[in-house]
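Participant: My structure is in protein.cif, and what it holds is mmCIF, C-alpha atoms:
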data_my_file
loop_
_atom_site.group_PDB
_atom_site.id
_atom_site.type_symbol
_atom_site.label_atom_id
_atom_site.label_comp_id
_atom_site.auth_asym_id
_atom_site.auth_seq_id
_atom_site.Cartn_x
_atom_site.Cartn_y
_atom_site.Cartn_z
ATOM 1 C CA MET A 122 38.818 15.782 23.026
ATOM 2 C CA ARG A 123 42.438 14.753 23.545
ATOM 3 C CA ALA A 124 41.509 12.881 26.703
ATOM 4 C CA GLY A 125 38.930 10.932 24.732
ATOM 5 C CA TRP A 126 41.502 9.907 22.100
ATOM 6 C CA LEU A 127 43.952 8.869 24.830
ATOM 7 C CA GLN A 128 41.268 6.787 26.501
ATOM 8 C CA ALA A 129 40.378 5.158 23.180
ATOM 9 C CA GLY A 130 44.060 4.331 22.605
ATOM 10 C CA ALA A 131 44.281 2.767 26.026
ATOM 11 C CA VAL A 132 41.237 0.603 25.299
ATOM 12 C CA LEU A 133 42.682 -0.614 21.989
ATOM 13 C CA ALA A 134 46.074 -1.325 23.543
ATOM 14 C CA ARG A 135 44.461 -3.252 26.343
ATOM 15 C CA ALA A 136 42.447 -5.334 23.858
ATOM 16 C CA ASN A 137 45.574 -5.918 21.719
ATOM 17 C CA ARG A 138 47.513 -7.272 24.694
ATOM 18 C CA ALA A 139 44.595 -9.515 25.567
ATOM 19 C CA VAL A 140 44.406 -10.954 22.057
ATOM 20 C CA ARG A 141 48.136 -11.737 22.005
ATOM 21 C CA ASN A 142 48.306 -13.319 25.440
ATOM 22 C CA LYS A 143 44.910 -14.984 25.948
ATOM 23 C CA PRO A 144 42.430 -17.172 24.085
ATOM 24 C CA VAL A 145 39.929 -15.307 21.982
ATOM 25 C CA ALA A 146 37.026 -15.939 24.361
ATOM 26 C CA GLN A 147 38.950 -14.354 27.267
ATOM 27 C CA ALA A 148 40.114 -11.510 25.017
ATOM 28 C CA LEU A 149 36.562 -10.723 24.040
ATOM 29 C CA THR A 150 35.542 -10.745 27.691
ATOM 30 C CA THR A 151 38.309 -8.251 28.409
ATOM 31 C CA LEU A 152 37.202 -6.055 25.518
ATOM 32 C CA GLN A 153 33.639 -6.142 26.815
ATOM 33 C CA GLN A 154 34.847 -4.871 30.176
ATOM 34 C CA CYS A 155 36.585 -1.897 28.556
ATOM 35 C CA PRO A 156 34.821 1.451 29.056
ATOM 36 C CA VAL A 157 33.689 1.677 25.423
ATOM 37 C CA GLY A 158 30.504 3.509 26.419
ATOM 38 C CA ARG A 159 32.577 6.433 27.743
ATOM 39 C CA LEU A 160 34.141 7.253 24.432
ATOM 40 C CA GLY A 161 31.280 9.534 23.463
ATOM 41 C CA PRO A 162 30.584 9.709 19.715
ATOM 42 C CA THR A 163 33.072 6.934 18.965
ATOM 43 C CA ALA A 164 31.145 4.349 20.993
ATOM 44 C CA VAL A 165 30.303 1.135 19.167
ATOM 45 C CA HIS A 166 26.638 0.729 18.225
ATOM 46 C CA SER A 167 24.804 -1.757 20.443
ATOM 47 C CA SER A 168 23.876 -4.040 17.539
ATOM 48 C CA GLN A 169 27.511 -4.127 16.409
ATOM 49 C CA ARG A 170 28.671 -4.975 19.930
ATOM 50 C CA ARG A 171 26.092 -7.744 20.260
ATOM 51 C CA ALA A 172 27.117 -9.251 16.913
ATOM 52 C CA LEU A 173 30.795 -9.027 17.869
ATOM 53 C CA PHE A 174 30.446 -10.631 21.289
ATOM 54 C CA THR A 175 27.886 -13.346 20.509
ATOM 55 C CA ALA A 176 29.000 -14.574 17.078
ATOM 56 C CA GLN A 177 32.420 -15.650 18.315
ATOM 57 C CA PRO A 178 33.416 -19.137 19.525
ATOM 58 C CA HIS A 179 34.519 -20.294 22.907
ATOM 59 C CA SER A 180 38.014 -21.190 21.710
ATOM 60 C CA ASP A 181 40.399 -20.832 18.796
ATOM 61 C CA SER A 182 43.297 -22.940 17.640
ATOM 62 C CA LYS A 183 46.404 -22.196 15.596
ATOM 63 C CA GLU A 184 45.166 -24.563 12.878
ATOM 64 C CA ASP A 185 41.958 -22.544 12.531
ATOM 65 C CA GLU A 186 43.986 -19.364 12.164
ATOM 66 C CA ILE A 187 46.137 -20.898 9.413
ATOM 67 C CA SER A 188 43.369 -22.683 7.461
ATOM 68 C CA PRO A 189 39.892 -21.877 8.805
ATOM 69 C CA ALA A 190 37.279 -24.578 8.437
ATOM 70 C CA ALA A 191 34.519 -23.935 5.921
ATOM 71 C CA LEU A 192 31.131 -22.970 7.304
ATOM 72 C CA THR A 193 28.696 -25.808 7.784
ATOM 73 C CA LYS A 194 25.146 -25.653 6.436
ATOM 74 C CA GLU A 195 23.870 -25.230 9.988
ATOM 75 C CA GLN A 196 26.201 -22.300 10.615
ATOM 76 C CA LYS A 197 25.123 -20.637 7.355
ATOM 77 C CA LYS A 198 21.486 -21.112 8.291
ATOM 78 C CA ILE A 199 22.016 -19.605 11.742
ATOM 79 C CA LEU A 200 23.950 -16.651 10.320
ATOM 80 C CA PHE A 201 21.262 -16.011 7.706
ATOM 81 C CA VAL A 202 18.390 -16.150 10.212
ATOM 82 C CA SER A 203 20.231 -14.066 12.815
ATOM 83 C CA ALA A 204 20.852 -11.346 10.238
ATOM 84 C CA ALA A 205 17.401 -11.504 8.599
ATOM 85 C CA VAL A 206 15.083 -11.481 11.627
ATOM 86 C CA PRO A 207 16.092 -8.060 13.039
ATOM 87 C CA MET A 208 15.974 -6.489 9.584
ATOM 88 C CA ILE A 209 12.405 -7.730 9.079
ATOM 89 C CA GLY A 210 11.421 -5.611 12.066
ATOM 90 C CA PHE A 211 13.376 -2.581 10.845
ATOM 91 C CA GLY A 212 11.990 -2.837 7.295
ATOM 92 C CA PHE A 213 8.416 -3.230 8.531
ATOM 93 C CA MET A 214 8.680 -0.244 10.859
ATOM 94 C CA ASP A 215 10.417 1.903 8.240
ATOM 95 C CA ASN A 216 7.801 1.451 5.503
ATOM 96 C CA LEU A 217 4.828 1.477 7.877
ATOM 97 C CA VAL A 218 5.799 4.801 9.439
ATOM 98 C CA MET A 219 6.792 6.363 6.111
ATOM 99 C CA ILE A 220 3.528 5.425 4.382
ATOM 100 C CA THR A 221 1.331 6.353 7.355
ATOM 101 C CA MET A 222 2.956 9.735 7.957
ATOM 102 C CA GLY A 223 3.268 10.442 4.239
ATOM 103 C CA GLU A 224 -0.464 9.779 3.797
ATOM 104 C CA PHE A 225 -1.279 12.028 6.759
ATOM 105 C CA ILE A 226 0.890 14.870 5.461
ATOM 106 C CA ASP A 227 -0.479 14.428 1.948
ATOM 107 C CA SER A 228 -4.087 14.637 3.184
ATOM 108 C CA THR A 229 -3.449 17.726 5.366
ATOM 109 C CA MET A 230 -0.525 19.906 4.298
ATOM 110 C CA GLY A 231 -0.656 18.478 0.783
ATOM 111 C CA VAL A 232 -4.249 19.591 0.327
ATOM 112 C CA THR A 233 -3.684 22.981 1.962
ATOM 113 C CA PHE A 234 -0.442 23.938 0.256
ATOM 114 C CA GLY A 235 -0.692 21.834 -2.904
ATOM 115 C CA LEU A 236 2.277 19.593 -2.092
ATOM 116 C CA SER A 237 3.013 16.722 -4.440
ATOM 117 C CA THR A 238 2.727 13.127 -3.296
ATOM 118 C CA LEU A 239 6.505 12.647 -3.546
ATOM 119 C CA THR A 240 7.073 15.662 -1.298
ATOM 120 C CA ALA A 241 4.718 14.208 1.286
ATOM 121 C CA ALA A 242 6.548 10.865 1.012
ATOM 122 C CA GLY A 243 9.848 12.673 1.642
ATOM 123 C CA PHE A 244 8.463 14.204 4.836
ATOM 124 C CA GLY A 245 7.166 10.775 5.819
ATOM 125 C CA GLN A 246 10.678 9.360 5.406
ATOM 126 C CA ILE A 247 11.938 11.909 7.954
ATOM 127 C CA PHE A 248 9.520 10.534 10.550
ATOM 128 C CA SER A 249 10.500 7.002 9.550
ATOM 129 C CA ASP A 250 14.186 7.714 10.194
ATOM 130 C CA ILE A 251 13.368 9.355 13.526
ATOM 131 C CA SER A 252 11.344 6.329 14.611
ATOM 132 C CA GLY A 253 14.274 4.107 13.632
ATOM 133 C CA ILE A 254 16.550 6.095 15.926
ATOM 134 C CA CYS A 255 14.051 6.171 18.807
ATOM 135 C CA PHE A 256 12.802 2.587 18.641
ATOM 136 C CA GLY A 257 15.745 0.773 17.080
ATOM 137 C CA GLY A 258 16.818 -0.428 20.510
ATOM 138 C CA THR A 259 13.349 -1.843 21.140
ATOM 139 C CA VAL A 260 13.487 -3.894 17.948
ATOM 140 C CA GLU A 261 16.928 -5.195 18.914
ATOM 141 C CA ALA A 262 15.713 -6.079 22.411
ATOM 142 C CA VAL A 263 12.761 -8.030 21.023
ATOM 143 C CA CYS A 264 15.040 -9.955 18.658
ATOM 144 C CA THR A 265 17.413 -10.705 21.545
ATOM 145 C CA LYS A 266 14.579 -12.072 23.685
ATOM 146 C CA MET A 267 13.612 -14.414 20.861
ATOM 147 C CA GLY A 268 16.649 -16.479 21.789
ATOM 148 C CA LEU A 269 18.064 -16.922 18.320
ATOM 149 C CA PRO A 270 20.964 -19.415 18.237
ATOM 150 C CA THR A 271 24.535 -18.300 17.564
ATOM 151 C CA ALA A 272 26.760 -19.797 14.885
ATOM 152 C CA LYS A 273 29.743 -20.276 17.250
ATOM 153 C CA LEU A 274 32.333 -19.223 14.702
ATOM 154 C CA THR A 275 36.044 -19.109 15.217
ATOM 155 C CA SER A 276 37.702 -15.742 14.778
ATOM 156 C CA ALA A 277 39.098 -16.948 11.439
ATOM 157 C CA GLN A 278 35.665 -18.039 10.270
ATOM 158 C CA ALA A 279 34.161 -14.705 11.348
ATOM 159 C CA ALA A 280 36.635 -12.903 9.082
ATOM 160 C CA MET A 281 35.874 -15.082 6.061
ATOM 161 C CA GLY A 282 34.228 -13.498 3.043
ATOM 162 C CA GLN A 283 31.685 -16.313 3.034
ATOM 163 C CA THR A 284 30.506 -15.272 6.483
ATOM 164 C CA LYS A 285 30.129 -11.645 5.489
ATOM 165 C CA ARG A 286 28.259 -12.552 2.299
ATOM 166 C CA THR A 287 25.862 -14.811 4.206
ATOM 167 C CA THR A 288 25.022 -12.178 6.819
ATOM 168 C CA THR A 289 24.698 -9.455 4.180
ATOM 169 C CA PHE A 290 22.381 -11.604 2.067
ATOM 170 C CA GLY A 291 20.333 -12.452 5.144
ATOM 171 C CA ALA A 292 19.985 -8.776 6.061
ATOM 172 C CA MET A 293 18.972 -7.916 2.480
ATOM 173 C CA CYS A 294 16.301 -10.622 2.438
ATOM 174 C CA GLY A 295 15.069 -9.604 5.884
ATOM 175 C CA VAL A 296 14.691 -5.907 5.081
ATOM 176 C CA THR A 297 12.972 -6.768 1.777
ATOM 177 C CA VAL A 298 10.400 -8.955 3.526
ATOM 178 C CA GLY A 299 9.920 -6.320 6.231
ATOM 179 C CA CYS A 300 9.358 -3.527 3.707
ATOM 180 C CA LEU A 301 6.839 -5.632 1.787
ATOM 181 C CA LEU A 302 4.962 -6.374 5.012
ATOM 182 C CA GLY A 303 4.988 -2.669 5.856
ATOM 183 C CA MET A 304 3.512 -1.895 2.442
ATOM 184 C CA SER A 305 0.489 -4.077 3.268
ATOM 185 C CA ILE A 306 -1.111 -0.982 4.773
ATOM 186 C CA LEU A 307 -1.641 0.253 1.211
ATOM 187 C CA LEU A 308 -4.362 -2.376 0.829
ATOM 188 C CA PHE A 309 -6.514 -0.328 3.204
ATOM 189 C CA LYS A 310 -5.877 3.073 1.589
ATOM 190 C CA SER A 311 -8.417 4.827 -0.623
ATOM 191 C CA ASP A 312 -8.238 7.499 -3.320
ATOM 192 C CA GLU A 313 -9.985 10.029 -1.089
ATOM 193 C CA THR A 314 -6.829 12.102 -0.624
ATOM 194 C CA GLU A 315 -6.261 12.544 -4.371
ATOM 195 C CA ASP A 316 -9.897 13.549 -4.846
ATOM 196 C CA ARG A 317 -9.624 16.090 -2.053
ATOM 197 C CA LYS A 318 -6.444 17.536 -3.564
ATOM 198 C CA HIS A 319 -8.110 17.938 -6.952
ATOM 199 C CA ASP A 320 -11.170 19.541 -5.357
ATOM 200 C CA ALA A 321 -8.986 21.921 -3.355
ATOM 201 C CA GLU A 322 -6.969 22.859 -6.439
ATOM 202 C CA PHE A 323 -10.139 23.524 -8.445
ATOM 203 C CA SER A 324 -11.674 25.579 -5.610
ATOM 204 C CA LYS A 325 -8.578 27.772 -5.436
ATOM 205 C CA MET A 326 -8.807 28.399 -9.177
ATOM 206 C CA LEU A 327 -12.465 29.423 -8.882
ATOM 207 C CA GLU A 328 -11.721 31.810 -6.019
ATOM 208 C CA ALA A 329 -8.661 33.360 -7.665
ATOM 209 C CA ASP A 330 -8.971 36.796 -9.290
ATOM 210 C CA ASN A 331 -6.825 35.694 -12.205
ATOM 211 C CA LYS A 332 -8.841 33.161 -14.219
ATOM 212 C CA GLN A 333 -5.870 32.245 -16.404
ATOM 213 C CA GLU A 334 -5.084 29.202 -14.254
ATOM 214 C CA LEU A 335 -8.710 28.071 -14.529
ATOM 215 C CA LEU A 336 -8.607 28.389 -18.302
ATOM 216 C CA GLU A 337 -5.375 26.399 -18.447
ATOM 217 C CA TYR A 338 -6.899 23.720 -16.206
ATOM 218 C CA VAL A 339 -10.001 23.434 -18.424
ATOM 219 C CA SER A 340 -7.796 23.277 -21.521
ATOM 220 C CA LYS A 341 -5.752 20.503 -19.933
ATOM 221 C CA ILE A 342 -8.920 18.528 -19.173
ATOM 222 C CA LYS A 343 -10.137 18.932 -22.749
ATOM 223 C CA THR A 344 -6.810 17.679 -24.068
ATOM 224 C CA GLU A 345 -6.904 14.624 -21.809
ATOM 225 C CA LEU A 346 -10.494 13.872 -22.836
ATOM 226 C CA ALA A 347 -9.561 14.104 -26.505
ATOM 227 C CA GLN A 348 -6.657 11.702 -25.933
ATOM 228 C CA ALA A 349 -8.958 9.286 -24.103
ATOM 229 C CA GLU A 350 -11.508 9.397 -26.929
ATOM 230 C CA ALA A 351 -8.781 8.766 -29.505
ATOM 231 C CA ALA A 352 -7.561 5.773 -27.480
ATOM 232 C CA LEU A 353 -11.148 4.508 -27.284
ATOM 233 C CA VAL A 354 -11.573 4.671 -31.059
ATOM 234 C CA THR A 355 -8.193 3.021 -31.635
ATOM 235 C CA THR A 356 -9.044 0.190 -29.253
ATOM 236 C CA GLU A 357 -12.436 -0.411 -30.866
ATOM 237 C CA THR A 358 -10.966 -0.389 -34.372
ATOM 238 C CA THR A 359 -8.234 -2.831 -33.377
ATOM 239 C CA ILE A 360 -10.699 -5.283 -31.840
ATOM 240 C CA VAL A 361 -12.937 -5.073 -34.903
ATOM 241 C CA ASN A 362 -10.001 -5.936 -37.172
ATOM 242 C CA MET A 363 -9.009 -8.884 -34.944
ATOM 243 C CA ALA A 364 -12.538 -10.251 -34.611
ATOM 244 C CA LYS A 365 -12.295 -12.341 -37.793
ATOM 245 C CA ASP A 366 -9.313 -14.284 -36.390
ATOM 246 C CA ILE A 367 -11.097 -15.349 -33.215
ATOM 247 C CA LYS A 368 -12.130 -19.016 -33.216
ATOM 248 C CA SER A 369 -12.836 -19.942 -29.590
ATOM 249 C CA ASP A 370 -16.425 -19.664 -28.342
ATOM 250 C CA HIS A 371 -15.279 -18.134 -25.059
ATOM 251 C CA GLN A 372 -13.089 -15.559 -26.794
ATOM 252 C CA ALA A 373 -15.910 -14.697 -29.196
ATOM 253 C CA ALA A 374 -18.311 -14.067 -26.309
ATOM 254 C CA GLN A 375 -15.796 -11.896 -24.409
ATOM 255 C CA THR A 376 -14.863 -9.912 -27.529
ATOM 256 C CA SER A 377 -18.499 -9.326 -28.449
ATOM 257 C CA LYS A 378 -19.206 -7.989 -24.962
ATOM 258 C CA ALA A 379 -16.133 -5.719 -25.072
ATOM 259 C CA LEU A 380 -17.162 -4.274 -28.446
ATOM 260 C CA GLY A 381 -20.656 -3.600 -27.137
ATOM 261 C CA ASP A 382 -19.248 -1.720 -24.133
ATOM 262 C CA LEU A 383 -16.861 0.314 -26.305
ATOM 263 C CA LYS A 384 -19.696 1.236 -28.674
ATOM 264 C CA ARG A 385 -21.849 2.396 -25.750
ATOM 265 C CA TRP A 386 -19.038 4.475 -24.214
ATOM 266 C CA ARG A 387 -18.184 5.996 -27.579
ATOM 267 C CA SER A 388 -21.784 7.056 -28.119
ATOM 268 C CA ASN A 389 -21.451 9.356 -25.074
ATOM 269 C CA SER A 390 -18.237 10.982 -26.328
ATOM 270 C CA ASN A 391 -17.659 13.966 -28.569
ATOM 271 C CA ILE A 392 -16.686 11.934 -31.631
ATOM 272 C CA SER A 393 -18.102 13.318 -34.856
ATOM 273 C CA LYS A 394 -21.350 11.786 -36.117
ATOM 274 C CA GLU A 395 -19.817 10.774 -39.437
ATOM 275 C CA GLN A 396 -16.941 8.917 -37.757
ATOM 276 C CA GLY A 397 -19.387 7.435 -35.259
ATOM 277 C CA ARG A 398 -21.654 6.034 -38.006
ATOM 278 C CA SER A 399 -18.663 4.480 -39.763
ATOM 279 C CA LEU A 400 -17.482 2.828 -36.546
ATOM 280 C CA ASP A 401 -21.002 1.677 -35.692
ATOM 281 C CA ALA A 402 -21.321 -0.151 -39.003
ATOM 282 C CA ALA A 403 -17.956 -1.916 -38.606
ATOM 283 C CA THR A 404 -18.609 -2.761 -34.944
ATOM 284 C CA ASP A 405 -22.104 -4.132 -35.630
ATOM 285 C CA ALA A 406 -20.720 -6.343 -38.411
ATOM 286 C CA ALA A 407 -17.954 -7.644 -36.138
ATOM 287 C CA ILE A 408 -20.420 -8.355 -33.313
ATOM 288 C CA ALA A 409 -22.721 -10.228 -35.706
ATOM 289 C CA GLU A 410 -19.801 -12.353 -36.937
ATOM 290 C CA LEU A 411 -18.705 -13.089 -33.364
ATOM 291 C CA ASN A 412 -22.224 -14.107 -32.360
ATOM 292 C CA ARG A 413 -22.265 -16.660 -35.185
ATOM 293 C CA LYS A 414 -19.076 -18.215 -33.737
ATOM 294 C CA LYS A 415 -20.572 -18.757 -30.292
#
Reformat the file's structure so that it appears as structure tokens.
Facilitator:
Amino acid sequence: MRAGWLQAGAVLARANRAVRNKPVAQALTTLQQCPVGRLGPTAVHSSQRRALFTAQPHSDSKEDEISPAALTKEQKKILFVSAAVPMIGFGFMDNLVMITMGEFIDSTMGVTFGLSTLTAAGFGQIFSDISGICFGGTVEAVCTKMGLPTAKLTSAQAAMGQTKRTTTFGAMCGVTVGCLLGMSILLFKSDETEDRKHDAEFSKMLEADNKQELLEYVSKIKTELAQAEAALVTTETTIVNMAKDIKSDHQAAQTSKALGDLKRWRSNSNISKEQGRSLDAATDAAIAELNRKK
């Protein structure tokens, strides 16, 4: 451990001497030649090294160190693109793996052990992080082969807050686009997994010796049905009350059709006959008025 710290100190000292006595380009070359990879856990990440050694200029001047020139629009564009493109790949891979593995776990272990969807998503995130570690270098290599241009900044420009904000904003935009592209797989997913989970849960209740869970499940379904019926009645009543204010022919036709559908659905519910007859009379009157407006 002590030998590692001594070696790291020697590397930093060597780089410090190079910076004081040589131009920045030569100093960076010297730093690249230092045995950074032998420092074990303190080694610089490959993406950080690439950014450090390719974003720098070929020369610096004392004037640039005193008052660095502002970034040009072209430099900002290059910085933004260079930061965004790799993060598109990382974001796409992260969401794609998480959703795919989460769906697989949800449809297998989730059905067997009754895991929630969020739990399955958490397990999927583990696989996503592992894939990022295993294939992160591949994504970086692909981005490197794309031949993206470098901004050719001076060392003073590289240390400017404007530079850091541009690269950070580019990375944020890139990872956002990548994650959204990775979520496109949801367009091809179905509700089969949720149906299987409900069927498995109901089968377990039927096979259980204690029927208390089954009774609670049936009670829960009855409560949800009652809430749905109440919402149906409320919706129908609201539309009936608004029907007299409708003036457009198109709106009258659409509203009349909606009231007819609601009346048909309500007729198959458990609403009392007395309440149903009252609603039928109001709905029929509203439909007749809407038909006159067509």
Participant: To one decimal place in Å, what is the distance between CA of Ile209 (chain A) and CA of Ser228 (chain A)?
Facilitator: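 Computing it gives 28.4 Å between the two atoms.
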Participant: Could you check which of A:Leu353, A:Met267, A:Met304, A:Ala374 is closest to Gly397 (chain A), using only C-alpha atoms?
Facilitator: A:Leu353
Participant: Work out how far apart CA of Val361 (chain A) and CA of Ala407 (chain A) are and give it in Å to one decimal.
Facilitator: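 CA of Ala407 (chain A) lies 5.8 Å from CA of Val361 (chain A).
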Participant: For Thr358 (chain A), list every protein, DNA or RNA residue within 9 Å, evaluated using all atoms listed in the file, and leave out those in the same chain fewer than 6 positions away; present the list as a PyMOL selection string.
Facilitator: chain A and resi 400+403-404
Participant: As a check of understanding, name the residues that the PyMOL selection byres ((chain A and resi 367) around 12) selects in the supplied structure, as number ranges by chain.
Facilitator: A: 360-366, 368-377, 407-408, 410-415
Participant: Compare A:Val263, A:Ala321, A:Glu350, A:Leu383 by their minimum atom-to-atom distance to Phe234 (chain A), counting only C-alpha atoms, and give me the closest one.
Facilitator: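 Using only C-alpha atoms, the shortest distance to Phe234 (chain A) belongs to A:Ala321.
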Participant: In Å to one decimal, how far is CA of Leu346 (chain A) from CA of Ser390 (chain A)?
Facilitator: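 These two atoms are separated by 9.0 Å.
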Participant: Restricting the calculation to only C-alpha atoms: of A:Gly291, A:Gly245, A:Gly231, A:Gly299, which residue gets closest to Val218 (chain A)?
Facilitator: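 The closest residue to Val218 (chain A) is A:Gly245.
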